[in-house]
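K.L.:
Structure in structure tokens, see below.
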Amino acid sequence: MPDQISNSAVFIDSADRLSMIPRERTCCFSGHRTEKLPAESKRLEYLRRMVADTAAILYYKGIDTFITGMARGFDLIAAETLINDPVIGSKIHLICAMPYADHRREMKTPAEDALYRRLLKRADLIVCLGDGYFKDCYRLRNTFMINNSSNLIAYLKDEYSLRSGTGMTCNLAKRSGHTLYMIYEKDLRG
């Protein structure tokens, strides 16, 4: 990865491609918020394992950069799973895409807040799409992630959740020619 991406923050006001992000070597995450994740710890651990296994396969295929949208739930869990992975965690590049500067205020628990801060500290690049909250900030963040990646790992409760923000991101990725790695609740063993 070019040195220009290391430990930097970029404020942008569009979903355009950033030339410093190697799109062909990048994967992004999208998934439901905490409330829609599996409540059972065994199923949640299986979700983490599926993310880790998928990311490892991608890594060995040349994908070394991962973008998280920093939302509560799947985004944070997926990024945490990667940076903690004993094999690839220290080898990957992490990009944190924040919809707006004060996004951290949406964390509802001290654990979420601590993880959010830890991911920002670990990030190779932090992208912020606005100074404050605005109407389409999440859609813009999702479009930014798709425009700057070629793969998507997503978690949806079921195939019918396509009207959610995650579903819309998956549809955008599909139209953009991404390789999609879909994880549904029914796939989780518990």
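Every chain in the structure tokens has a letter given in the order shown (A, B, ...), and although residue numbers restart at 1 in each chain, ligands are simply numbered from 1 in the order shown.
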Contacts of Ile92 in chain A at 12 Å or less, counting only C-alpha atoms, minus same-chain residues fewer than 5 places along, as a list in words?
P.N.:
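The contact residues come out as Met1, Ser6, Arg25, Thr26, Cys27, Ala55, Ala56, Leu58, Tyr59, Tyr60, Gly62, Ile63, Asp64, Thr65, Phe66, Ile67, Ala79, Thr81, Leu82, Ile83, Asn84, Asp85, Pro86, Val87, Arg122, Ala123 and Asp124 of chain A.
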K.L.:
Output the selection as an mmCIF file, in the first residue's frame - C-alpha atoms for each residue.
P.N.:
```cif
data_model
loop_
_atom_site.group_PDB
_atom_site.id
_atom_site.type_symbol
_atom_site.label_atom_id
_atom_site.label_comp_id
_atom_site.auth_asym_id
_atom_site.auth_seq_id
_atom_site.Cartn_x
_atom_site.Cartn_y
_atom_site.Cartn_z
ATOM 1 C CA MET A 1 0.000 0.000 0.000
ATOM 2 C CA SER A 6 -0.648 5.305 6.244
ATOM 3 C CA ARG A 25 -7.432 -5.209 -3.712
ATOM 4 C CA THR A 26 -10.181 -3.910 -1.428
ATOM 5 C CA CYS A 27 -13.226 -5.412 0.283
ATOM 6 C CA ALA A 55 -11.407 -12.515 4.768
ATOM 7 C CA ALA A 56 -8.532 -15.021 4.955
ATOM 8 C CA LEU A 58 -9.714 -13.039 0.113
ATOM 9 C CA TYR A 59 -6.352 -12.115 1.615
ATOM 10 C CA TYR A 60 -4.695 -15.104 -0.015
ATOM 11 C CA GLY A 62 -4.626 -10.634 -3.026
ATOM 12 C CA ILE A 63 -7.248 -8.600 -1.148
ATOM 13 C CA ASP A 64 -5.324 -6.789 1.577
ATOM 14 C CA THR A 65 -7.436 -3.690 2.262
ATOM 15 C CA PHE A 66 -10.773 -3.691 4.106
ATOM 16 C CA ILE A 67 -13.244 -0.828 4.544
ATOM 17 C CA ALA A 79 -13.432 -5.043 11.521
ATOM 18 C CA THR A 81 -12.556 -9.842 13.847
ATOM 19 C CA LEU A 82 -10.025 -8.943 11.148
ATOM 20 C CA ILE A 83 -7.632 -6.892 13.248
ATOM 21 C CA ASN A 84 -7.648 -9.616 15.928
ATOM 22 C CA ASP A 85 -7.006 -12.431 13.444
ATOM 23 C CA PRO A 86 -3.704 -14.073 14.447
ATOM 24 C CA VAL A 87 -2.728 -14.854 10.846
ATOM 25 C CA ARG A 122 -5.619 0.982 14.209
ATOM 26 C CA ALA A 123 -6.842 2.434 10.889
ATOM 27 C CA ASP A 124 -4.423 3.068 8.054
#
```
K.L.:
Rounded to one decimal place, report the CA of Phe11 in chain A-CA of Tyr181 in chain A distance in Å.
P.N.:
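Computing the Euclidean distance for CA of Phe11 in chain A and CA of Tyr181 in chain A yields 28.9 Å.
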K.L.:
For Cys28 in chain A, which residue out of A:Arg117, A:Arg141, A:Lys186, A:Arg72 is the nearest one, using only C-alpha atoms?
P.N.:
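For Cys28 in chain A, the nearest of the given residues is A:Arg141.
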K.L.:
Quick one: pick out all helix (DSSP H, G or I) residues within chain A from a backbone DSSP run and write them as an NGL selection string.
P.N.:
:A and (3-5 or 23-25 or 34-36 or 41-60 or 74-83 or 103-106 or 110-122 or 137-147 or 165-175 or 185-187)
K.L.:
Write out as a list in words the residues lying within 7 Å of range 30-41 of chain A, counting only C-alpha atoms and excluding same-chain residues fewer than 3 positions away.
P.N.:
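Answer for this query is Leu44, Glu45, Ala71, Arg72, Gly73, Phe74, Asp75, Ile153, Ala154, Tyr155, Leu156 and Thr166 of chain A.
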K.L.:
Take the selection from the previous step and output its residues with N, CA and C atoms, as a compact mmCIF listing (two decimals), in the first residue's frame.
P.N.:
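Dumped everything to selection-v1.txt:
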```
# COMPACT_ATOMS: atom_id res chain seq x y z
N LEU A 44 -23.25 -15.88 17.19
CA LEU A 44 -22.44 -14.69 16.95
C LEU A 44 -20.99 -15.08 16.70
N GLU A 45 -20.49 -16.04 17.46
CA GLU A 45 -19.12 -16.53 17.23
C GLU A 45 -18.99 -17.19 15.87
N ALA A 71 -20.43 1.40 11.54
CA ALA A 71 -21.74 1.37 12.19
C ALA A 71 -21.75 0.34 13.31
N ARG A 72 -22.58 0.59 14.30
CA ARG A 72 -22.78 -0.37 15.39
C ARG A 72 -23.21 -1.70 14.78
N GLY A 73 -22.79 -2.78 15.36
CA GLY A 73 -23.19 -4.09 14.88
C GLY A 73 -22.16 -4.72 13.97
N PHE A 74 -22.62 -5.19 12.82
CA PHE A 74 -21.77 -5.99 11.94
C PHE A 74 -20.50 -5.26 11.50
N ASP A 75 -20.60 -3.98 11.14
CA ASP A 75 -19.42 -3.24 10.67
C ASP A 75 -18.29 -3.31 11.70
N ILE A 153 -18.37 -8.19 1.83
CA ILE A 153 -18.82 -9.21 2.78
C ILE A 153 -20.00 -8.60 3.50
N ALA A 154 -21.17 -9.26 3.43
CA ALA A 154 -22.38 -8.69 4.01
C ALA A 154 -23.11 -9.70 4.88
N TYR A 155 -23.75 -9.17 5.92
CA TYR A 155 -24.61 -9.99 6.78
C TYR A 155 -26.03 -9.43 6.72
N LEU A 156 -26.97 -10.28 6.34
CA LEU A 156 -28.39 -9.95 6.31
C LEU A 156 -29.17 -11.04 7.06
N THR A 166 -28.31 -2.06 4.42
CA THR A 166 -27.42 -3.14 3.98
C THR A 166 -27.89 -3.73 2.66
```
